[in-house]
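Worksheet: the structure to be examined is printed underneath.
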Amino acid sequence: MPAIVPLELARALAGEDPAALSREPTRGLLEAIGAEVVFLSRERGCRGGNGPGLARLAGDGGRACHAAFRSLASPCPDCPLVSGHPAAAGPVACLPVDGEGGVICVAVPYASGKLDARLADILEHAIAAVFVTDRTFRLLYVNAAYARMHGRCRSGLLGVSLEALLPAEAFARYRAAAREVVQGREAIEKEASLVLDGRERWFLTALIPLFDVHGEVEALCGMLNEVTAGRLAERELSESRRRYLAIVEDQTELVVRLSPELRRLFVNGPLARLMGGPAEDLLGRSFLEGQPETEVAEIRRRLDDLTPRAPVGDVRQRLVLPGGRERCLAWTIRAIFDEGGCLSEYQATGRDITAYWRMERELVKSEAKYRDIFEHSAEGIFQFDPDGGLVACNPALARILGYPSVEDILAERGDLFRRMQTRQEDRLEFLHQLARSGRVFDFEMQVVRCDGRTTWLSLNARAVLNATGRLVRVEGAARDITDRKRAEEERMLLVAAVDQSAEGLVIVSRDFRLEYANPAFTQIVGPAGSGEGQEGCLAPFLTPSVRKMLGLGLRWSGRVRLARPDGTEGVAEALVSPVRDASGHIVNHVMLVRDMTYETGLEKRLRQAEKLEAIGVLAGGVAHDFNNILTPILLNTEMILADIPWKDPLRKPLADVSGPRSGPGIWCGSF
């Protein structure tokens, strides 16, 4: 409804009969618009009018307005409509009446008493605080809500300047808004805050211009509608949004909202950065894009399984990003259902588990690799509980202990470790070492197989303890060393035979350095053959010519004279042969040395005896020949001696020829 301009109303009523103001329909019209009209005669007497203005005229003795035409920005004390009642002031127009010599005064008051009763009730009981100020910011009207807002009665507020009522900052804002309304001649709406009762309160304000008889702004009507609760809710919402953004945007977790068709409705910054593009480019696109086809069906199946009773599920998503980069994301997806149980959207939070995924893949590969090693290892791998029962093993251990399969050996109950020992002393020593250091290395023991045969094992084991230091299990590996033990026995027999052999055995390297010599060799070459002198003792055997022959891959044998440190001389017979590897290359030389000193002495004595025997034979032959010559001489001499007298001078020479006699008449010859 357009504002009523008092000047225009005064001009319309100037041609009316003053008595018409109290008759219908003029009276009803004036009451409907809330206007007060008074006709004053030339003698300043009241000729007619309507409203409370008539009573005021009667009360002040008929004092008339001296202004022929005026429009006031504030109540005029000279106007009979406002005199003595500034709270009822409003736009006033005083206009001379042609031909009457009087004045018509028209006012449109602001006070509720001047308004239509229905409008007054509305303003009085309105929730919004309503007030009217003049151009000097003095309160001309306040409703009950405004009075309650300031905690004062209405009479204590009327006529009070807002500058004294409001804080300086709030008044400065009102003054700036009033200037804007006056200059723009239009109502404005703003949100403002006031500190009332020691707390800040927020209001949605409207400032409406009120015009005078000339259509100029002479007063301002303000309405304050408190929105503190809404503002606090908005502030809380803003804070909640800030916290939400802090949770969603400023975290490492990935957040996405999906439509029922799995199209992205929202993505947070971390997810956008992971995908390598702005968030806007990801909205509306399928959640499953870049996903291998083999895994799409699995994800859809998991999402289809979500129900209002079980709305949460976990999904892994493997993405192939531009550039061929692979990423693995772990999502916790919640299905959001409406009241009717229909799916409205999905909300998902996720983490980039690419590193864990790769580690998991490597772990699977590693587990498969080590499982393969465990299953196909040549060594028997085992785990014993503290009671000696076998809890785990591989096929190799079952084979070593003579069981058909792993299941058969695991089916054994009781202390298998005790039962399979041949010597309990070995078992106790094994447990003692395990308790002392927690580990056992290369422990050899003899055990009884399932088929009753004995076998040798070499064990490497460790004790596994829990957090309290209590033994949980014993685990390790066992190797069948039966063949090795047999070979060692044979080797030890061979070593014993070599060491105890009467013949010297020497192993020489390819470059003719001594690598091994048995005790017999030391005895043959003498005490100097031990220690560092052994290298020098090879010189008599490995002369340059012998080394040349050996270098050609040939054998050499011969006798060597040895000068011993004690001054004696020995004789040794040696045989040197090359030792070849699998490819036929010479890697060592082996030399067999036999002490021939005694045999050489025997040979010397034998030759000496043979010489003496030859001389004896020769002497016997010569003697026999001489005997053949002497026999006739002796016989003839004997015969002569027998024939000549005893005292014959020839007897003595003849007797010397025939030999001594034992007595007279007795001849002792060589026979």
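Following the order of the structure tokens, chains are lettered A, B, ..., residues in each are numbered from 1, and ligands are numbered from 1.
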Worksheet item: What lies within 6 Å of Met223 in chain A using only C-alpha atoms, ignoring chain neighbours under 2 positions off, as a PyMOL selection string?
Response: chain A and resi 129-130+205-206
Worksheet item: Could you pull out the strand (DSSP E) residues of range 384-572 of chain A from DSSP and send them as a ChimeraX atom specification?
Response: /A:384,390-393,439-448,454-465,471-480,504-509,514-517,556-563,569-572
Same residues, C-alpha atoms, saved as a PDB file, in the first residue's frame:
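Dumped everything to out15.pdb:
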ATOM      1  CA  PHE A 384      59.366 -80.149  18.209  1.00  0.00           C
ATOM      2  CA  LEU A 390      56.851 -83.500  16.465  1.00  0.00           C
ATOM      3  CA  VAL A 391      54.488 -80.711  15.352  1.00  0.00           C
ATOM      4  CA  ALA A 392      55.804 -79.986  11.849  1.00  0.00           C
ATOM      5  CA  CYS A 393      58.273 -81.445   9.383  1.00  0.00           C
ATOM      6  CA  ARG A 439      71.334 -72.893  19.636  1.00  0.00           C
ATOM      7  CA  VAL A 440      73.014 -76.115  18.587  1.00  0.00           C
ATOM      8  CA  PHE A 441      75.266 -76.324  15.548  1.00  0.00           C
ATOM      9  CA  ASP A 442      76.328 -79.507  13.717  1.00  0.00           C
ATOM     10  CA  PHE A 443      75.400 -81.791  16.564  1.00  0.00           C
ATOM     11  CA  GLU A 444      75.884 -85.404  15.490  1.00  0.00           C
ATOM     12  CA  MET A 445      73.797 -88.196  16.908  1.00  0.00           C
ATOM     13  CA  GLN A 446      72.750 -91.684  15.922  1.00  0.00           C
ATOM     14  CA  VAL A 447      69.012 -92.395  15.704  1.00  0.00           C
ATOM     15  CA  VAL A 448      66.815 -95.391  15.006  1.00  0.00           C
ATOM     16  CA  THR A 454      70.298 -96.844  12.518  1.00  0.00           C
ATOM     17  CA  THR A 455      71.394 -93.681  10.818  1.00  0.00           C
ATOM     18  CA  TRP A 456      73.557 -90.718  11.672  1.00  0.00           C
ATOM     19  CA  LEU A 457      72.103 -87.188  11.765  1.00  0.00           C
ATOM     20  CA  SER A 458      73.730 -83.793  11.945  1.00  0.00           C
ATOM     21  CA  LEU A 459      71.391 -81.325  13.712  1.00  0.00           C
ATOM     22  CA  ASN A 460      71.228 -77.538  13.659  1.00  0.00           C
ATOM     23  CA  ALA A 461      68.513 -76.286  16.002  1.00  0.00           C
ATOM     24  CA  ARG A 462      67.407 -73.295  18.026  1.00  0.00           C
ATOM     25  CA  ALA A 463      65.091 -72.762  20.967  1.00  0.00           C
ATOM     26  CA  VAL A 464      62.055 -70.514  20.331  1.00  0.00           C
ATOM     27  CA  LEU A 465      60.951 -68.653  23.459  1.00  0.00           C
ATOM     28  CA  LEU A 471      60.277 -72.546  25.686  1.00  0.00           C
ATOM     29  CA  VAL A 472      57.629 -72.740  22.966  1.00  0.00           C
ATOM     30  CA  ARG A 473      59.236 -75.075  20.486  1.00  0.00           C
ATOM     31  CA  VAL A 474      62.528 -76.360  19.135  1.00  0.00           C
ATOM     32  CA  GLU A 475      63.034 -75.968  15.419  1.00  0.00           C
ATOM     33  CA  GLY A 476      65.875 -76.771  13.106  1.00  0.00           C
ATOM     34  CA  ALA A 477      67.165 -78.993  10.333  1.00  0.00           C
ATOM     35  CA  ALA A 478      68.574 -82.501  10.239  1.00  0.00           C
ATOM     36  CA  ARG A 479      70.932 -83.895   7.627  1.00  0.00           C
ATOM     37  CA  ASP A 480      71.564 -87.584   7.022  1.00  0.00           C
ATOM     38  CA  GLY A 504     106.874 -92.912   3.471  1.00  0.00           C
ATOM     39  CA  LEU A 505     104.032 -91.213   1.601  1.00  0.00           C
ATOM     40  CA  VAL A 506     104.381 -87.629   0.443  1.00  0.00           C
ATOM     41  CA  ILE A 507     101.907 -85.419  -1.424  1.00  0.00           C
ATOM     42  CA  VAL A 508     103.532 -82.666  -3.425  1.00  0.00           C
ATOM     43  CA  SER A 509     101.747 -79.767  -5.059  1.00  0.00           C
ATOM     44  CA  LEU A 514     105.284 -80.328   0.212  1.00  0.00           C
ATOM     45  CA  GLU A 515     101.622 -80.651   1.228  1.00  0.00           C
ATOM     46  CA  TYR A 516     101.634 -83.817   3.288  1.00  0.00           C
ATOM     47  CA  ALA A 517     104.144 -86.306   4.617  1.00  0.00           C
ATOM     48  CA  TRP A 556     109.893 -91.550 -12.042  1.00  0.00           C
ATOM     49  CA  SER A 557     111.396 -94.166  -9.777  1.00  0.00           C
ATOM     50  CA  GLY A 558     114.868 -94.627  -8.412  1.00  0.00           C
ATOM     51  CA  ARG A 559     117.135 -94.792  -5.412  1.00  0.00           C
ATOM     52  CA  VAL A 560     118.441 -91.792  -3.556  1.00  0.00           C
ATOM     53  CA  ARG A 561     121.259 -91.589  -1.072  1.00  0.00           C
ATOM     54  CA  LEU A 562     120.375 -89.544   1.986  1.00  0.00           C
ATOM     55  CA  ALA A 563     122.864 -87.794   4.222  1.00  0.00           C
ATOM     56  CA  GLU A 569     124.028 -92.298   5.202  1.00  0.00           C
ATOM     57  CA  GLY A 570     120.755 -93.810   4.172  1.00  0.00           C
ATOM     58  CA  VAL A 571     119.344 -95.112   0.946  1.00  0.00           C
ATOM     59  CA  ALA A 572     115.711 -94.603  -0.077  1.00  0.00           C
TER      60      ALA A 572
END
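For the atom pair formed by CA of Ile629 in chain A and CA of Glu610 in chain A, the distance is 28.9 Å, given to one decimal.
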Env of Ala172 in chain A: 10 Å cut, atoms = only C-alpha atoms, seq-sep filter 6 positions within chain, self excluded. Answer as an mmCIF file with N, CA, C and O atoms, in the first residue's frame.
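Result went into around.cif, see below:
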data_model
loop_
_atom_site.group_PDB
_atom_site.id
_atom_site.type_symbol
_atom_site.label_atom_id
_atom_site.label_comp_id
_atom_site.auth_asym_id
_atom_site.auth_seq_id
_atom_site.Cartn_x
_atom_site.Cartn_y
_atom_site.Cartn_z
ATOM 1 N N GLU A 163 21.883 6.943 20.234
ATOM 2 C CA GLU A 163 23.307 7.092 20.539
ATOM 3 C C GLU A 163 23.576 6.807 22.001
ATOM 4 O O GLU A 163 24.641 6.274 22.353
ATOM 5 N N LEU A 166 22.604 2.656 22.438
ATOM 6 C CA LEU A 166 23.396 1.607 21.795
ATOM 7 C C LEU A 166 24.881 1.813 22.033
ATOM 8 O O LEU A 166 25.336 2.945 22.243
ATOM 9 N N ALA A 178 21.243 4.332 8.232
ATOM 10 C CA ALA A 178 20.232 5.384 8.067
ATOM 11 C C ALA A 178 20.613 6.329 6.935
ATOM 12 O O ALA A 178 19.759 6.757 6.136
#
Practice prompt. Find the residues around Arg201 in chain A up to 12 Å (only C-alpha atoms counted), leave out those fewer than 6 positions away in its own chain, and share them as number ranges by chain.
Written response: A: 149-150, 170, 191-195, 224-232
Discussion item. I'd like the neighbourhood of range 349-353 of chain A as JSON, numbers by chain, where a residue qualifies if any of its atoms comes within 7 Å (using only C-alpha atoms), though same-chain residues fewer than 3 positions away should be ignored.
Written reply: {"A": [253, 254, 255, 256, 328, 329, 330, 331, 332, 333, 356, 357]}
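Closest approach to Leu157 in chain A among A:Arg138, A:Arg175, A:Arg607, A:Arg580: A:Arg138, based on only C-alpha atoms.
Near Phe137 in chain A, within a cut-off of 10 Å and counting only C-alpha atoms, sit the residues A:Gly159, A:Val160, A:Ser161, A:Leu162, A:Glu163, A:Phe171, A:Tyr174, A:Arg175, A:Ala178, A:Ala219, A:Leu220, with same-chain residues fewer than 6 positions away left out.
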Worksheet item: Got a sec to tell me which of range 213-462 of chain A DSSP assigns to alpha helix (DSSP H), as number ranges by chain?
Response: A: 228-248, 269-275, 279-282, 293-304, 354-376, 395-400, 406-410, 416-419, 424-437
